[in-house]
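The next block is input-v2.txt, given as compact mmCIF, C-alpha atoms.
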# COMPACT_ATOMS: atom_id res chain seq x y z
CA MET P 597 -0.72 112.45 102.52
CA LYS P 598 -0.85 113.89 99.01
CA LYS P 599 -3.89 111.71 98.23
CA ALA P 600 -5.74 112.92 101.32
CA PHE P 601 -4.95 116.54 100.46
CA ALA P 602 -6.17 116.04 96.88
CA SER P 603 -9.39 114.43 98.15
CA ILE P 604 -10.04 117.33 100.52
CA LEU P 605 -9.31 119.83 97.74
CA ILE P 606 -11.69 118.11 95.29
CA ALA P 607 -14.41 117.84 97.96
CA GLY P 608 -13.97 121.53 98.71
CA LEU P 609 -14.20 122.49 95.04
CA LEU P 610 -17.32 120.37 94.53
CA LEU P 611 -18.91 121.92 97.61
CA PHE P 612 -18.06 125.42 96.34
CA ALA P 613 -19.46 124.65 92.88
CA SER P 614 -22.77 123.47 94.34
CA CYS P 615 -23.24 126.50 96.62
CA GLY P 616 -26.44 128.50 96.40
CA HIS P 617 -26.73 132.27 96.56
CA ASP P 618 -26.06 134.58 99.51
CA ASP P 619 -29.15 135.74 101.38
CA THR P 620 -29.76 139.30 100.16
CA SER P 621 -31.58 140.24 103.37
CA ASN P 622 -28.30 139.76 105.28
CA GLU P 623 -26.24 141.88 102.88
CA GLU P 624 -25.51 145.60 102.98
CA ALA P 625 -26.74 147.69 100.05
CA ALA P 626 -24.09 149.56 98.07
CA TYR P 627 -26.50 152.38 97.16
CA THR P 628 -29.79 153.68 98.55
CA LEU P 629 -32.14 155.42 96.11
CA THR P 630 -35.74 156.21 95.32
CA VAL P 631 -37.47 154.58 92.35
CA GLU P 632 -37.40 157.90 90.51
CA GLU P 633 -33.68 158.40 91.14
CA VAL P 634 -32.61 154.99 89.89
CA VAL P 635 -34.91 155.00 86.84
CA ASN P 636 -33.78 158.51 85.88
CA ALA P 637 -30.14 157.50 86.28
CA PHE P 638 -30.61 154.70 83.72
CA LEU P 639 -32.72 156.88 81.40
CA GLU P 640 -30.05 159.61 81.43
CA ASP P 641 -27.02 157.36 80.93
CA GLU P 642 -27.66 153.64 80.68
CA GLY P 643 -23.99 152.74 80.07
CA ALA P 644 -22.70 154.64 83.10
CA SER P 645 -25.52 153.31 85.29
CA ASN P 646 -24.82 149.73 84.19
CA LEU P 647 -21.21 150.20 85.32
CA LYS P 648 -22.26 151.84 88.58
CA TYR P 649 -25.13 149.61 89.75
CA ASN P 650 -25.11 146.24 87.95
CA ASP P 651 -24.32 143.18 90.08
CA LEU P 652 -24.50 145.28 93.25
CA ILE P 653 -27.18 145.20 95.90
CA ILE P 654 -29.15 148.44 95.77
CA GLU P 655 -31.86 149.59 98.14
CA VAL P 656 -34.84 151.24 96.46
CA SER P 657 -37.88 152.94 98.00
CA GLY P 658 -41.09 153.79 96.23
CA PRO P 659 -44.80 153.30 95.74
CA VAL P 660 -46.11 149.81 94.99
CA MET P 661 -47.59 149.78 91.49
CA GLU P 662 -48.26 146.06 91.14
CA VAL P 663 -47.95 142.97 93.30
CA ILE P 664 -47.07 139.61 91.74
CA LYS P 665 -48.40 136.69 93.75
CA GLU P 666 -48.03 132.93 93.58
CA ASN P 667 -49.97 130.65 95.91
CA GLY P 668 -51.01 133.61 98.07
CA MET P 669 -47.44 134.82 98.64
CA ILE P 670 -45.72 137.76 96.98
CA THR P 671 -42.97 136.74 94.58
CA GLY P 672 -42.36 140.14 92.99
CA LEU P 673 -43.22 143.83 93.05
CA LYS P 674 -43.31 146.65 90.56
CA LEU P 675 -42.53 150.03 92.11
CA SER P 676 -43.39 153.37 90.54
CA ASN P 677 -45.89 156.18 90.11
CA ASP P 678 -45.34 156.04 86.37
CA GLU P 679 -46.74 152.98 84.59
CA PHE P 680 -43.96 152.99 82.02
CA ASN P 681 -40.82 153.74 84.01
CA ILE P 682 -40.56 151.29 86.86
CA VAL P 683 -38.43 149.14 89.14
CA ASN P 684 -39.33 145.47 88.73
CA CYS P 685 -38.09 143.14 91.43
CA THR P 686 -38.40 139.42 92.09
CA PHE P 687 -37.91 138.17 95.63
CA GLN P 688 -35.37 135.62 96.74
CA ASN P 689 -37.95 134.13 99.10
CA PRO P 690 -41.74 134.54 98.87
CA VAL P 691 -43.02 137.40 101.05
CA GLU P 692 -46.13 137.53 103.25
CA PRO P 693 -48.70 139.87 101.62
CA ALA P 694 -48.93 142.03 104.77
CA ARG P 695 -45.29 143.11 104.37
CA ALA P 696 -45.97 144.87 101.08
CA GLU P 697 -49.06 146.73 102.22
CA GLY P 698 -49.12 150.44 102.95
CA GLY P 699 -48.59 151.90 99.52
CA SER P 700 -44.85 152.37 99.72
CA VAL P 701 -42.02 149.93 100.44
CA THR P 702 -38.26 149.66 100.53
CA VAL P 703 -36.61 146.68 98.87
CA LYS P 704 -33.03 145.67 98.25
CA GLY P 705 -31.89 143.39 95.48
CA ILE P 706 -29.18 142.72 92.95
CA CYS P 707 -29.39 145.14 90.05
CA SER P 708 -29.46 143.36 86.66
CA GLY P 709 -29.67 146.51 84.56
CA PHE P 710 -32.23 148.38 82.52
CA LEU P 711 -34.62 146.97 79.92
CA GLY P 712 -36.02 149.58 77.58
CA ASP P 713 -35.39 150.68 74.05
CA ALA P 714 -36.56 153.79 72.22
CA SER P 715 -37.20 151.71 69.08
CA SER P 716 -39.45 149.28 70.96
CA MET P 717 -43.26 149.29 70.64
CA LEU P 718 -43.27 149.34 74.46
CA PRO P 719 -42.62 152.84 75.85
CA GLY P 720 -40.50 153.50 78.92
CA GLY P 721 -38.14 151.16 80.67
CA THR P 722 -37.56 148.94 83.67
CA VAL P 723 -34.76 148.72 86.21
CA GLU P 724 -34.57 145.08 87.25
CA LEU P 725 -33.65 143.70 90.67
CA LYS P 726 -33.28 140.00 91.34
CA ARG P 727 -33.13 137.98 94.58
CA ALA P 728 -34.68 140.95 96.34
CA ALA P 729 -35.88 141.25 99.95
CA ILE P 730 -38.12 143.71 101.73
CA VAL P 731 -36.32 146.08 104.09
CA ASP P 732 -38.27 146.56 107.30
CA MET D 245 -56.02 178.65 61.87
CA LYS D 246 -55.58 178.03 65.60
CA LYS D 247 -58.68 175.85 65.57
CA GLY D 248 -57.21 173.80 62.72
CA ILE D 249 -53.98 173.23 64.63
CA ILE D 250 -55.87 172.18 67.78
CA ILE D 251 -58.01 169.73 65.78
CA ALA D 252 -54.89 168.32 64.10
CA LEU D 253 -53.15 167.89 67.48
CA LEU D 254 -56.22 166.24 68.98
CA ALA D 255 -56.49 163.89 66.00
CA LEU D 256 -52.80 163.02 66.35
CA GLY D 257 -53.20 162.36 70.08
CA LEU D 258 -56.30 160.24 69.58
CA GLY D 259 -54.51 158.34 66.82
CA GLN D 260 -51.65 157.50 69.21
CA VAL D 261 -54.07 156.35 71.90
CA ALA D 262 -55.87 154.16 69.36
CA LEU D 263 -52.53 152.76 68.19
CA ALA D 264 -51.48 151.88 71.74
CA GLN D 265 -54.86 150.33 72.52
CA ASN D 266 -54.24 147.75 69.81
CA ARG D 267 -51.11 146.61 71.56
CA TYR D 268 -50.92 144.01 74.29
CA PHE D 269 -47.89 143.78 76.54
CA THR D 270 -46.21 142.35 79.62
CA ARG D 271 -43.24 143.25 81.76
CA ASP D 272 -43.19 140.01 83.71
CA GLY D 273 -43.15 137.30 81.10
CA HIS D 274 -41.43 134.03 81.93
CA VAL D 275 -38.46 132.70 79.99
CA GLU D 276 -36.62 129.55 80.89
CA PHE D 277 -33.93 127.59 79.17
CA PHE D 278 -32.96 124.01 79.62
CA SER D 279 -29.76 122.25 78.62
CA GLU D 280 -29.87 118.47 78.86
CA THR D 281 -26.83 116.21 78.63
CA PRO D 282 -26.02 112.80 80.15
CA LEU D 283 -23.60 114.56 82.54
CA GLU D 284 -25.89 117.26 83.88
CA ASN D 285 -29.02 119.27 83.27
CA ILE D 286 -28.79 123.05 83.50
CA GLU D 287 -31.77 125.35 83.75
CA ALA D 288 -32.33 129.02 84.42
CA THR D 289 -35.39 131.24 84.64
CA ASN D 290 -36.18 134.89 84.08
CA ASP D 291 -39.56 136.34 85.13
CA LYS D 292 -39.03 139.87 83.80
CA MET D 293 -39.36 139.43 80.04
CA THR D 294 -40.98 142.37 78.27
CA SER D 295 -43.12 141.57 75.25
CA VAL D 296 -45.54 143.42 72.98
CA VAL D 297 -47.91 142.21 70.27
CA ASP D 298 -49.60 144.71 67.96
CA PHE D 299 -53.03 143.25 67.26
CA GLU D 300 -53.46 145.49 64.19
CA ASN D 301 -50.61 143.99 62.22
CA GLY D 302 -49.09 141.07 64.15
CA LYS D 303 -45.83 142.82 64.98
CA PHE D 304 -44.30 140.97 67.89
CA GLU D 305 -41.27 141.57 70.07
CA PHE D 306 -39.78 140.39 73.31
CA ALA D 307 -36.64 141.21 75.28
CA VAL D 308 -34.81 140.03 78.38
CA LEU D 309 -31.83 141.14 80.41
CA ILE D 310 -29.27 138.33 80.47
CA LYS D 311 -28.28 139.16 84.05
CA SER D 312 -31.88 138.61 85.16
CA PHE D 313 -31.63 134.87 84.52
CA GLU D 314 -31.47 133.03 87.83
CA PHE D 315 -29.69 129.71 88.40
CA GLU D 316 -29.89 127.49 91.43
CA LYS D 317 -26.10 127.48 91.79
CA ALA D 318 -24.27 130.78 92.22
CA LEU D 319 -21.14 129.62 90.40
CA MET D 320 -23.13 128.48 87.38
CA GLU D 321 -24.83 131.89 87.15
CA GLU D 322 -21.44 133.59 87.35
CA HIS D 323 -19.98 131.41 84.58
CA PHE D 324 -23.06 131.94 82.41
CA ASN D 325 -22.71 135.73 82.62
CA GLU D 326 -18.95 136.13 82.59
CA ASN D 327 -17.66 133.29 80.42
CA TYR D 328 -20.42 132.39 77.97
CA MET D 329 -22.90 135.24 77.52
CA GLU D 330 -20.44 138.06 78.36
CA SER D 331 -23.42 139.95 79.69
CA ASN D 332 -21.47 143.12 80.53
CA ASP D 333 -20.85 143.55 76.79
CA PHE D 334 -24.14 142.05 75.56
CA PRO D 335 -26.69 142.78 78.31
CA LYS D 336 -29.88 141.98 76.36
CA ALA D 337 -31.42 139.31 74.16
CA SER D 338 -34.35 140.22 71.96
CA PHE D 339 -36.68 139.15 69.19
CA VAL D 340 -38.31 141.60 66.78
CA GLY D 341 -40.61 140.30 64.09
CA GLU D 342 -44.09 139.71 62.81
CA ILE D 343 -46.57 136.88 63.22
CA GLU D 344 -47.63 135.42 59.87
CA ASP D 345 -51.36 135.82 59.06
CA PHE D 346 -51.94 137.26 62.54
CA VAL D 347 -54.94 139.37 61.54
CA GLY D 348 -56.73 136.37 59.96
CA ILE D 349 -56.12 134.22 63.04
CA ARG D 350 -57.17 137.10 65.33
CA ASN D 351 -60.38 137.53 63.34
CA SER D 352 -61.07 133.81 63.93
CA ASN D 353 -60.57 134.50 67.67
CA PHE D 354 -57.40 132.39 67.89
CA PRO D 355 -58.72 128.86 67.33
CA PRO D 356 -57.40 126.51 70.07
CA GLY D 357 -54.12 124.79 69.25
CA VAL D 358 -53.33 126.93 66.20
CA GLU D 359 -49.60 127.46 66.17
CA MET D 360 -48.54 130.66 64.43
CA ALA D 361 -45.16 131.45 62.89
CA ALA D 362 -43.29 134.55 64.02
CA HIS D 363 -40.71 135.61 61.43
CA GLY D 364 -38.04 137.97 62.67
CA LYS D 365 -34.62 138.67 64.07
CA LEU D 366 -33.37 137.01 67.23
CA THR D 367 -30.40 138.75 68.84
CA ILE D 368 -28.34 136.96 71.46
CA HIS D 369 -24.73 137.69 72.50
CA GLY D 370 -24.64 140.56 70.01
CA VAL D 371 -25.34 138.25 67.05
CA THR D 372 -28.57 138.62 65.08
CA ASN D 373 -30.07 135.75 63.08
CA ASP D 374 -33.23 135.49 61.00
CA VAL D 375 -35.48 132.92 62.66
CA VAL D 376 -39.02 131.60 62.59
CA LEU D 377 -40.41 131.02 66.08
CA PRO D 378 -43.64 129.17 66.86
CA ALA D 379 -46.20 131.16 68.85
CA ILE D 380 -49.55 130.28 70.39
CA VAL D 381 -51.97 132.98 71.54
CA THR D 382 -54.94 131.98 73.67
CA PRO D 383 -57.72 134.42 74.69
CA ASP D 384 -58.39 134.61 78.44
CA GLY D 385 -61.03 137.23 79.25
CA ASP D 386 -59.57 140.68 78.46
CA GLU D 387 -56.09 139.19 78.40
CA TYR D 388 -54.23 136.77 76.17
CA ARG D 389 -51.84 133.97 77.01
CA LEU D 390 -48.77 133.85 74.83
CA SER D 391 -46.39 130.92 74.55
CA SER D 392 -43.49 129.81 72.42
CA ILE D 393 -41.05 126.92 72.64
CA PHE D 394 -37.97 126.82 70.44
CA THR D 395 -34.33 125.76 70.43
CA VAL D 396 -31.17 127.84 70.17
CA LYS D 397 -27.72 126.63 69.16
CA PRO D 398 -25.03 128.50 71.15
CA SER D 399 -22.69 128.14 68.14
CA ASP D 400 -25.13 130.16 65.97
CA TYR D 401 -24.63 133.11 68.31
CA ASP D 402 -20.84 132.88 68.71
CA ILE D 403 -21.18 131.59 72.26
CA GLU D 404 -17.98 129.68 72.90
CA ILE D 405 -18.14 126.67 75.18
CA PRO D 406 -14.69 125.67 76.52
CA ASN D 407 -13.57 122.07 75.82
CA THR D 408 -13.50 121.28 79.54
CA VAL D 409 -17.29 121.71 79.87
CA ARG D 410 -18.34 120.91 76.29
CA ASP D 411 -19.94 117.61 77.36
CA ASN D 412 -21.90 119.37 80.11
CA ILE D 413 -23.74 121.79 77.83
CA ALA D 414 -26.21 120.73 75.14
CA GLN D 415 -25.58 121.72 71.54
CA GLU D 416 -29.20 122.84 71.35
CA ILE D 417 -30.77 124.69 74.27
CA LYS D 418 -34.54 124.49 74.73
CA VAL D 419 -36.13 127.91 75.38
CA THR D 420 -39.66 128.26 76.74
CA VAL D 421 -41.44 131.62 76.70
CA SER D 422 -44.80 132.22 78.36
CA ALA D 423 -46.64 135.39 79.29
CA VAL D 424 -50.00 136.95 79.96
CA ILE D 425 -50.33 140.05 77.80
CA VAL D 426 -52.72 142.86 78.70
CA PRO D 427 -53.89 145.98 76.82
CA LEU D 428 -51.38 148.80 76.60
CA LYS D 429 -53.24 151.94 77.60
CA LYS D 430 -50.74 154.73 76.94
Once you've parsed the file, please lay out its structure as structure tokens.
Amino acid sequence: MKKAFASILIAGLLLFASCGHDDTSNEEAAYTLTVEEVVNAFLEDEGASNLKYNDLIIEVSGPVMEVIKENGMITGLKLSNDEFNIVNCTFQNPVEPARAEGGSVTVKGICSGFLGDASSMLPGGTVELKRAAIVD
Amino acid sequence: MKKGIIIALLALGLGQVALAQNRYFTRDGHVEFFSETPLENIEATNDKMTSVVDFENGKFEFAVLIKSFEFEKALMEEHFNENYMESNDFPKASFVGEIEDFVGIRNSNFPPGVEMAAHGKLTIHGVTNDVVLPAIVTPDGDEYRLSSIFTVKPSDYDIEIPNTVRDNIAQEIKVTVSAVIVPLKK
């Protein structure tokens, strides 16, 4: 009996350890913002914004600045009107090009934080979202 | 007097534009790392590396958010961030340095296969070490392809690997960096 229980427990642990990621498109966003709002939040107080947004799914709306494609499908988007202060997202699953047309989109993804440094040769900064999905 | 100030301001502005035009950058560079042991191979990728090269003097930098690395397995990504990299406390990794003899190699239009040496400071997990990284720059129209492959020892950056998983994680992690850098226009 004990042996069977141990086997089930080990199998369960192994299964848990090999699990992939949740599908972002099925998850609720913790916050809904515009590109400008989220970028400004990080520019004003990066530490507080890291605590507030990191590891959470956030929904962000804004103009498409750049489309990143691989084999004809969209794998990432940069959103902003300002070339140097942007939201950069990579998609969990490749997206049909038609879904990112129209100038402005809403995406949701897991916030990884803000990459930008006043001492850098690269001006501005980027809020990064991973495993993102387009919100219809 | 006013005219003098305006001319000085214009000269300053034009100088900044000229300075920026000598820089090439990306915000979607690719970084991957690979740990190989007989027990398991672990890899993760990050497609949001920022990098800049100043073509006037060879100054070179790149940076990544640790939380932007993606693993196939959710639990592995969680352990990487919480237990090893402590990414809430040390959210970024970066390199700041200078490519040796960059101007000479640039003037030769980056001969194929020439590997350059980037001397600088690599910061991971809040620890900064002096390193020399290999770098290859290849012209591609108006853009340049940048690549670098190097190894990192977790122990050099105070990254503690628990005994229980010590055999699962390589003592030297292979890091591959690749990017297409374009002119910075600001």
Listing only residues of chain P within 7 Å of chain D, what is the closest atom pair and its distance in Å (to one decimal) for each, using all atoms listed in the file, sorted by chain and residue number ascending, as CSV?
residue,atom,partner,partner_atom,distance
P:Ala613,CA,D:Leu319,CA,5.8
P:Ser614,CA,D:Lys317,CA,5.8
P:Cys615,CA,D:Lys317,CA,5.7
P:Gly616,CA,D:Lys317,CA,4.7
P:His617,CA,D:Ala318,CA,5.2
P:Ser708,CA,D:Lys311,CA,5.1
P:Leu711,CA,D:Leu309,CA,6.5
P:Met717,CA,D:Val296,CA,6.7
P:Leu718,CA,D:Val296,CA,6.5
P:Lys726,CA,D:Ser312,CA,6.5
Spatial neighbours of Val419 in chain D, max dist 7 Å, only C-alpha atoms, sep filter under 5 positions, as a VMD selection string
chain D and resid 276 to 278 393 to 395
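Residues within 12 Å of Gly668 in chain P, counting all atoms listed in the file and excluding same-chain residues fewer than 4 positions away, are P:Val663, P:Ile664, P:Gly672, P:Pro690, P:Val691, P:Glu692, P:Pro693, P:Ala694.
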Just-selected residues, C-alpha atoms written as an mmCIF file, in the frame of the given file:
data_model
loop_
_atom_site.group_PDB
_atom_site.id
_atom_site.type_symbol
_atom_site.label_atom_id
_atom_site.label_comp_id
_atom_site.auth_asym_id
_atom_site.auth_seq_id
_atom_site.Cartn_x
_atom_site.Cartn_y
_atom_site.Cartn_z
ATOM 1 C CA VAL P 663 -47.950 142.970 93.300
ATOM 2 C CA ILE P 664 -47.070 139.610 91.740
ATOM 3 C CA GLY P 672 -42.360 140.140 92.990
ATOM 4 C CA PRO P 690 -41.740 134.540 98.870
ATOM 5 C CA VAL P 691 -43.020 137.400 101.050
ATOM 6 C CA GLU P 692 -46.130 137.530 103.250
ATOM 7 C CA PRO P 693 -48.700 139.870 101.620
ATOM 8 C CA ALA P 694 -48.930 142.030 104.770
#
Residues near range 618-629 of chain P, anyone? I mean within 9 Å using all atoms listed in the file, not counting same-chain ones fewer than 4 positions away, as a PDB file with C-alpha atoms, in the frame of the given file.
ATOM      1  CA  GLU P 633     -33.680 158.400  91.140  1.00  0.00           C
ATOM      2  CA  VAL P 634     -32.610 154.990  89.890  1.00  0.00           C
ATOM      3  CA  TYR P 649     -25.130 149.610  89.750  1.00  0.00           C
ATOM      4  CA  LEU P 652     -24.500 145.280  93.250  1.00  0.00           C
ATOM      5  CA  ILE P 653     -27.180 145.200  95.900  1.00  0.00           C
ATOM      6  CA  ILE P 654     -29.150 148.440  95.770  1.00  0.00           C
ATOM      7  CA  GLU P 655     -31.860 149.590  98.140  1.00  0.00           C
ATOM      8  CA  VAL P 656     -34.840 151.240  96.460  1.00  0.00           C
ATOM      9  CA  SER P 657     -37.880 152.940  98.000  1.00  0.00           C
ATOM     10  CA  GLN P 688     -35.370 135.620  96.740  1.00  0.00           C
ATOM     11  CA  LYS P 704     -33.030 145.670  98.250  1.00  0.00           C
ATOM     12  CA  GLY P 705     -31.890 143.390  95.480  1.00  0.00           C
ATOM     13  CA  ILE P 706     -29.180 142.720  92.950  1.00  0.00           C
ATOM     14  CA  ARG P 727     -33.130 137.980  94.580  1.00  0.00           C
ATOM     15  CA  ALA P 728     -34.680 140.950  96.340  1.00  0.00           C
ATOM     16  CA  ALA P 729     -35.880 141.250  99.950  1.00  0.00           C
ATOM     17  CA  ILE P 730     -38.120 143.710 101.730  1.00  0.00           C
ATOM     18  CA  VAL P 731     -36.320 146.080 104.090  1.00  0.00           C
TER      19      VAL P 731
ATOM     20  CA  ALA D 318     -24.270 130.780  92.220  1.00  0.00           C
TER      21      ALA D 318
END
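Nearest residue to Gly385 in chain D, choosing from D:Leu366, D:Ile425, D:Ala337, D:Ala288 and counting all atoms listed in the file: D:Ile425.
The space between CA of Phe346 in chain D and CA of Ala361 in chain D spans 8.9 Å.
Comparing the minimum interatomic distances between Ile286 in chain D and each of D:Thr367, D:Pro356, D:Ile413, D:Pro378, counting all atoms listed in the file, we find that D:Ile413 sits nearest.
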